[in-house]
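> Hey, dropping query01.pdb in here, PDB, C-alpha atoms:
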```
ATOM      1  CA  MET A   1      62.472 304.005 101.244
ATOM      2  CA  ASN A   2      61.319 305.536 104.530
ATOM      3  CA  ILE A   3      58.927 308.473 104.477
ATOM      4  CA  THR A   4      56.276 309.905 106.777
ATOM      5  CA  VAL A   5      52.677 309.910 105.572
ATOM      6  CA  ASN A   6      50.023 311.628 107.644
ATOM      7  CA  GLY A   7      52.252 311.383 110.688
ATOM      8  CA  LYS A   8      53.040 307.699 110.301
ATOM      9  CA  ALA A   9      56.451 306.279 109.480
ATOM     10  CA  THR A  10      56.002 304.420 106.214
ATOM     11  CA  THR A  11      58.387 302.072 104.447
ATOM     12  CA  LEU A  12      57.927 301.575 100.721
ATOM     13  CA  PRO A  13      59.853 299.560  98.141
ATOM     14  CA  GLU A  14      62.579 301.546  96.395
ATOM     15  CA  ASN A  15      61.192 303.213  93.289
ATOM     16  CA  PRO A  16      63.201 306.084  91.730
ATOM     17  CA  SER A  17      60.261 307.136  89.575
ATOM     18  CA  ARG A  18      57.824 307.521  92.475
ATOM     19  CA  THR A  19      56.032 310.883  92.466
ATOM     20  CA  ILE A  20      53.373 312.387  94.696
ATOM     21  CA  ASP A  21      50.751 311.335  92.183
ATOM     22  CA  SER A  22      51.976 307.754  91.967
ATOM     23  CA  LEU A  23      52.378 307.601  95.746
ATOM     24  CA  LEU A  24      48.716 308.490  96.242
ATOM     25  CA  GLU A  25      47.785 305.768  93.783
ATOM     26  CA  GLU A  26      50.110 303.325  95.550
ATOM     27  CA  LEU A  27      48.396 304.164  98.845
ATOM     28  CA  ASP A  28      44.984 303.433  97.266
ATOM     29  CA  VAL A  29      43.805 306.987  97.825
ATOM     30  CA  SER A  30      40.493 307.286  96.021
ATOM     31  CA  GLN A  31      39.045 310.481  94.512
ATOM     32  CA  ARG A  32      42.556 311.872  94.079
ATOM     33  CA  LEU A  33      41.236 314.908  92.203
ATOM     34  CA  TYR A  34      39.876 316.115  95.534
ATOM     35  CA  VAL A  35      43.026 315.624  97.580
ATOM     36  CA  THR A  36      45.257 318.391  98.902
ATOM     37  CA  VAL A  37      48.885 317.537  99.634
ATOM     38  CA  GLU A  38      51.370 319.145 101.981
ATOM     39  CA  PHE A  39      54.909 318.195 100.979
ATOM     40  CA  ASN A  40      57.679 318.828 103.499
ATOM     41  CA  GLY A  41      55.642 321.609 105.082
ATOM     42  CA  ASP A  42      54.379 323.350 101.942
ATOM     43  CA  VAL A  43      51.011 322.917 100.274
ATOM     44  CA  LEU A  44      51.718 321.519  96.833
ATOM     45  CA  ASP A  45      50.049 322.825  93.681
ATOM     46  CA  ARG A  46      47.954 320.123  92.066
ATOM     47  CA  ASP A  47      49.889 320.649  88.819
ATOM     48  CA  ALA A  48      53.053 319.553  90.639
ATOM     49  CA  PHE A  49      51.731 316.159  91.793
ATOM     50  CA  THR A  50      53.048 314.309  88.744
ATOM     51  CA  GLY A  51      56.396 316.112  88.629
ATOM     52  CA  THR A  52      57.389 316.019  92.296
ATOM     53  CA  PRO A  53      59.604 313.047  93.134
ATOM     54  CA  VAL A  54      59.279 311.378  96.528
ATOM     55  CA  LYS A  55      62.627 310.915  98.253
ATOM     56  CA  GLU A  56      63.943 309.296 101.390
ATOM     57  CA  GLY A  57      62.839 311.204 104.487
ATOM     58  CA  ASP A  58      60.075 313.215 102.840
ATOM     59  CA  VAL A  59      57.122 314.216 105.018
ATOM     60  CA  ILE A  60      53.783 314.078 103.239
ATOM     61  CA  GLU A  61      50.341 314.961 104.517
ATOM     62  CA  PHE A  62      47.217 314.631 102.489
ATOM     63  CA  LEU A  63      43.546 315.262 103.094
ATOM     64  CA  TYR A  64      40.373 315.713 101.134
ATOM     65  CA  PHE A  65      38.800 319.010 100.219
ATOM     66  CA  MET A  66      36.269 319.907 102.863
ATOM     67  CA  GLY A  67      33.486 321.823 101.233
ATOM     68  CA  GLY A  68      29.875 321.817 100.202
ATOM     69  CA  GLY A  69      26.944 323.988  99.282
ATOM     70  CA  HIS A  70      23.497 324.054  97.865
TER      71      HIS A  70
ATOM     72  CA  MET B   1      25.573 308.431 117.853
ATOM     73  CA  ILE B   2      27.991 311.309 118.247
ATOM     74  CA  ARG B   3      28.584 312.802 121.688
ATOM     75  CA  ILE B   4      29.228 316.553 121.789
ATOM     76  CA  PRO B   5      29.615 318.832 124.807
ATOM     77  CA  GLN B   6      26.741 321.330 125.004
ATOM     78  CA  THR B   7      29.327 324.126 125.172
ATOM     79  CA  ILE B   8      30.645 323.097 121.744
ATOM     80  CA  LEU B   9      27.141 322.809 120.283
ATOM     81  CA  ASP B  10      26.476 326.330 121.581
ATOM     82  CA  ALA B  11      29.786 327.545 120.128
ATOM     83  CA  MET B  12      28.909 326.117 116.692
ATOM     84  CA  VAL B  13      25.550 327.888 116.710
ATOM     85  CA  ALA B  14      27.232 331.117 117.836
ATOM     86  CA  HIS B  15      29.746 330.755 114.984
ATOM     87  CA  ALA B  16      26.895 330.261 112.495
ATOM     88  CA  ARG B  17      25.112 333.356 113.808
ATOM     89  CA  GLU B  18      28.291 335.454 113.717
ATOM     90  CA  GLY B  19      28.887 334.456 110.101
ATOM     91  CA  PHE B  20      25.306 334.968 108.936
ATOM     92  CA  PRO B  21      24.315 335.514 106.153
ATOM     93  CA  LEU B  22      27.386 333.599 104.935
ATOM     94  CA  GLU B  23      27.957 329.902 105.508
ATOM     95  CA  VAL B  24      30.498 329.092 108.196
ATOM     96  CA  CYS B  25      32.461 325.885 108.642
ATOM     97  CA  GLY B  26      34.707 324.117 111.105
ATOM     98  CA  ILE B  27      36.199 320.933 112.430
ATOM     99  CA  LEU B  28      35.451 319.002 115.614
ATOM    100  CA  GLY B  29      38.096 316.765 117.116
ATOM    101  CA  GLY B  30      38.209 314.129 119.793
ATOM    102  CA  THR B  31      38.117 310.404 120.153
ATOM    103  CA  PRO B  32      35.874 308.222 118.011
ATOM    104  CA  ASP B  33      32.258 309.376 118.501
ATOM    105  CA  THR B  34      33.098 311.821 121.309
ATOM    106  CA  VAL B  35      33.962 315.430 120.563
ATOM    107  CA  SER B  36      36.251 317.455 122.796
ATOM    108  CA  GLU B  37      37.790 320.073 120.481
ATOM    109  CA  PHE B  38      36.243 322.860 118.406
ATOM    110  CA  PHE B  39      37.966 324.624 115.506
ATOM    111  CA  PRO B  40      36.089 327.321 113.595
ATOM    112  CA  MET B  41      37.649 327.523 110.126
ATOM    113  CA  THR B  42      37.785 330.056 107.301
ATOM    114  CA  ASN B  43      35.211 329.645 104.542
ATOM    115  CA  THR B  44      37.363 330.594 101.553
ATOM    116  CA  ASP B  45      34.225 330.805  99.390
ATOM    117  CA  ALA B  46      32.789 333.545 101.656
ATOM    118  CA  SER B  47      29.404 332.595 100.254
ATOM    119  CA  ASN B  48      25.812 332.298 101.391
ATOM    120  CA  GLU B  49      25.506 329.022  99.487
ATOM    121  CA  HIS B  50      28.921 327.320  99.561
ATOM    122  CA  PHE B  51      31.821 326.618 101.826
ATOM    123  CA  MET B  52      35.379 325.447 101.275
ATOM    124  CA  MET B  53      37.942 325.185 104.055
ATOM    125  CA  GLU B  54      41.404 326.698 103.739
ATOM    126  CA  PRO B  55      43.889 323.839 103.220
ATOM    127  CA  ARG B  56      46.677 325.272 105.395
ATOM    128  CA  GLU B  57      44.259 325.668 108.277
ATOM    129  CA  GLN B  58      43.083 322.100 107.755
ATOM    130  CA  PHE B  59      46.627 320.712 107.942
ATOM    131  CA  THR B  60      47.346 322.787 111.059
ATOM    132  CA  VAL B  61      44.248 321.461 112.843
ATOM    133  CA  ILE B  62      44.893 317.852 111.859
ATOM    134  CA  LYS B  63      48.472 318.031 113.165
ATOM    135  CA  GLN B  64      47.378 319.779 116.351
ATOM    136  CA  LEU B  65      44.843 317.034 117.041
ATOM    137  CA  ARG B  66      47.355 314.317 116.242
ATOM    138  CA  SER B  67      49.860 315.813 118.682
ATOM    139  CA  LYS B  68      47.245 315.354 121.432
ATOM    140  CA  GLY B  69      46.482 311.794 120.420
ATOM    141  CA  LEU B  70      43.138 312.910 118.995
ATOM    142  CA  ALA B  71      41.625 312.914 115.533
ATOM    143  CA  MET B  72      39.139 314.777 113.408
ATOM    144  CA  VAL B  73      35.701 313.485 114.366
ATOM    145  CA  ALA B  74      33.355 315.785 112.467
ATOM    146  CA  ILE B  75      33.103 318.535 109.879
ATOM    147  CA  TYR B  76      30.418 321.161 110.390
ATOM    148  CA  HIS B  77      28.941 323.922 108.311
ATOM    149  CA  SER B  78      25.924 326.179 108.458
ATOM    150  CA  HIS B  79      22.899 326.530 106.229
ATOM    151  CA  PRO B  80      21.933 330.150 106.839
ATOM    152  CA  GLU B  81      18.520 329.910 105.231
ATOM    153  CA  THR B  82      17.792 326.256 104.487
ATOM    154  CA  PRO B  83      17.053 323.161 106.577
ATOM    155  CA  ALA B  84      19.693 321.031 108.298
ATOM    156  CA  ARG B  85      19.966 318.388 105.639
ATOM    157  CA  PRO B  86      22.836 317.705 103.243
ATOM    158  CA  SER B  87      22.539 319.228  99.784
ATOM    159  CA  GLU B  88      23.613 317.348  96.658
ATOM    160  CA  GLU B  89      26.934 319.196  96.758
ATOM    161  CA  ASP B  90      27.363 318.432 100.465
ATOM    162  CA  ILE B  91      26.928 314.748  99.640
ATOM    163  CA  ARG B  92      29.209 314.844  96.595
ATOM    164  CA  LEU B  93      31.997 316.531  98.577
ATOM    165  CA  ALA B  94      31.653 314.382 101.696
ATOM    166  CA  LEU B  95      34.923 312.685 100.848
ATOM    167  CA  THR B  96      36.655 312.417 104.209
ATOM    168  CA  PRO B  97      36.091 308.893 105.525
ATOM    169  CA  ASP B  98      34.983 308.020 109.047
ATOM    170  CA  VAL B  99      33.788 311.438 110.125
ATOM    171  CA  SER B 100      30.387 312.869 110.929
ATOM    172  CA  TYR B 101      28.953 315.757 108.942
ATOM    173  CA  LEU B 102      27.083 318.305 111.031
ATOM    174  CA  ILE B 103      24.807 320.997 109.667
ATOM    175  CA  ILE B 104      23.574 323.994 111.628
ATOM    176  CA  SER B 105      20.392 325.456 110.174
ATOM    177  CA  LEU B 106      19.449 329.049 110.884
ATOM    178  CA  ALA B 107      16.312 328.803 108.738
ATOM    179  CA  ASP B 108      14.406 329.560 111.932
ATOM    180  CA  ALA B 109      16.724 332.131 113.470
ATOM    181  CA  ALA B 110      15.020 331.863 116.854
ATOM    182  CA  ALA B 111      15.396 328.092 116.971
ATOM    183  CA  PRO B 112      18.599 326.899 115.286
ATOM    184  CA  VAL B 113      18.750 323.199 114.445
ATOM    185  CA  VAL B 114      21.904 321.058 114.519
ATOM    186  CA  LYS B 115      21.857 317.633 112.894
ATOM    187  CA  SER B 116      24.557 315.067 112.266
ATOM    188  CA  PHE B 117      24.934 312.698 109.348
ATOM    189  CA  LYS B 118      27.211 309.907 108.252
ATOM    190  CA  ILE B 119      27.790 310.176 104.517
ATOM    191  CA  SER B 120      29.616 307.513 102.545
ATOM    192  CA  ALA B 121      29.601 306.879  98.793
ATOM    193  CA  GLY B 122      26.552 309.086  98.386
ATOM    194  CA  VAL B 123      24.554 307.347 101.096
ATOM    195  CA  VAL B 124      23.315 309.625 103.876
ATOM    196  CA  GLU B 125      22.395 308.331 107.297
ATOM    197  CA  HIS B 126      21.052 310.557 110.049
ATOM    198  CA  GLU B 127      22.989 310.190 113.285
ATOM    199  CA  PRO B 128      21.659 311.132 116.739
ATOM    200  CA  ILE B 129      23.572 313.731 118.755
ATOM    201  CA  GLU B 130      24.011 313.252 122.489
ATOM    202  CA  ALA B 131      24.664 316.600 124.162
ATOM    203  CA  LEU B 132      27.104 316.270 127.047
ATOM    204  CA  VAL B 133      26.291 318.683 129.863
TER     205      VAL B 133
END
```
How would this structure read if it were set down as structure tokens?


Amino acid sequence: MNITVNGKATTLPENPSRTIDSLLEELDVSQRLYVTVEFNGDVLDRDAFTGTPVKEGDVIEFLYFMGGGH
Amino acid sequence: MIRIPQTILDAMVAHAREGFPLEVCGILGGTPDTVSEFFPMTNTDASNEHFMMEPREQFTVIKQLRSKGLAMVAIYHSHPETPARPSEEDIRLALTPDVSYLIISLADAAAPVVKSFKISAGVVEHEPIEALV
């Protein structure tokens, strides 16, 4: 399967059950609770991570929350 | 060491002053350790004590930098009334790897202080700033 992750062409083994959530795990993304995902141009609700399948040609961006305070 | 044009350091301080008494935040881009781009961002918390960047703005900036062959080099925010050192929450939420974390303190309004830190897995290391004139 060929997808684009953070601007890089990425080839992954075929896996029909792959979701955004499992993709992040597969990519060894730590602290996944603090990750925001853009999926094919739209920011994805966190609740949708486990139910959104990843398909051939999908374009995925992810980054960490950027925040702080005292 | 992080190298930042004086014009961008001045722009960060101006942003902090404009936003006072709220915290402001932004992203600096460039090549590793050398800043060339300045992006003031929206603090969605609109708070005197917290900041959180708007995700859509973050994605836009990251893609804009990438299109120029650049990357995010630093994340900055202001401390309107406290010193330029990372708070516990700043440290806990310093999740983005391989960037510098800059804090602009307006605790002394007449003499703002900008400091840079590397923060990884809860460990904070002060990092010198070289101002490029």

> Rounded to one decimal, what separation in Å do you get between atom CA of Lys63 of chain B and atom CA of Ile27 of chain B?

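Atom CA of Ile27 of chain B lies 12.6 Å from atom CA of Lys63 of chain B.
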
> Would you compute an axis-aligned box for segment 8-18 of chain B, covering every atom listed for it in the file with 5 Å of margin on each side, and report centre and edge lengths in Å to one decimal as lines of an AutoDock Vina configuration file?


```
center_x = 27.9
center_y = 329.1
center_z = 117.1
size_x = 15.5
size_y = 22.6
size_z = 19.2
```

> Please identify all residues of chain B having at least one atom at most 8 Å from any atom of chain A, considering all atoms listed in the file, and return them as a ChimeraX atom specification.

/B:49-53,55-56,59,66,75,87-96

> Could you state the separation of atom CA of Glu130 of chain B and atom CA of Val99 of chain B in Å, given to one decimal place?

15.9 Å

> Report the residues retrieved by the PyMOL selection byres ((chain B and resi 34) around 10) from the displayed file, expressed as a PyMOL selection string.

chain B and resi 1-5+28-33+35-37+73-74+130+132

> Using only C-alpha atoms, which of B:Ala131, B:Leu22, B:Ala110, B:Ile104 sits nearest His77 of chain B?

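Between B:Ala131, B:Leu22, B:Ala110, B:Ile104, the residue approaching His77 of chain B most closely is B:Ile104.
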
> What are the nearest atom pairs, with distances in Å to one decimal, for all residues of segment 33-53 of chain A that come at most 6 Å from segment 8-28 of chain A, using all atoms listed in the file, set out by chain and rising residue number as JSON lines?


```
{"residue": "A:Phe49", "atom": "CA", "partner": "A:Asp21", "partner_atom": "CA", "distance": 4.9}
{"residue": "A:Thr50", "atom": "CA", "partner": "A:Asp21", "partner_atom": "CA", "distance": 5.1}
{"residue": "A:Thr52", "atom": "CA", "partner": "A:Thr19", "partner_atom": "CA", "distance": 5.3}
{"residue": "A:Pro53", "atom": "CA", "partner": "A:Thr19", "partner_atom": "CA", "distance": 4.2}
```

> Within 10 Å of (16.1, 321.5, 113.9) (coordinates as in the file), grab all the protein and nucleic acid residues, counting all atoms listed in the file, and write them out as a compact mmCIF listing (two decimals) with C-alpha atoms, in the coordinates of the input.


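Saved the output as selection-v1.txt:
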```
# COMPACT_ATOMS: atom_id res chain seq x y z
CA PRO B 83 17.05 323.16 106.58
CA ALA B 84 19.69 321.03 108.30
CA ARG B 85 19.97 318.39 105.64
CA ILE B 103 24.81 321.00 109.67
CA ILE B 104 23.57 323.99 111.63
CA SER B 105 20.39 325.46 110.17
CA LEU B 106 19.45 329.05 110.88
CA ALA B 107 16.31 328.80 108.74
CA ASP B 108 14.41 329.56 111.93
CA ALA B 111 15.40 328.09 116.97
CA PRO B 112 18.60 326.90 115.29
CA VAL B 113 18.75 323.20 114.44
CA VAL B 114 21.90 321.06 114.52
CA LYS B 115 21.86 317.63 112.89
```

> Apply the PyMOL selection byres ((chain B and resi 20) around 12) to the displayed file and report the matching residues as a PyMOL selection string.

chain B and resi 13-19+21-25+46-49+77-81+104-107+109

> Could you work out how far atom CA of Ala11 of chain B lies from atom CA of Phe38 of chain B, giving the answer in Å with one decimal?

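For atom CA of Phe38 of chain B relative to atom CA of Ala11 of chain B, the distance reads 8.2 Å.
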
> Would you kindly translate the PyMOL selection byres ((chain B and resi 127) around 7) into the concrete residues it picks from this file, as an MDAnalysis selection string?

chainID B and resid 1 116:118 125:126 128:129

> Would you mind telling me which residue in A:Val59, A:Ala48, A:Val5, A:Val29 lies nearest to Pro97 of chain B when using only C-alpha atoms?

A:Val29

> Show me as an MDAnalysis selection string the residues that reach within 9 Å of (43.2, 315.9, 88.3), counting all atoms listed in the file and using the file's own coordinates.

chainID A and resid 32:34 46:47
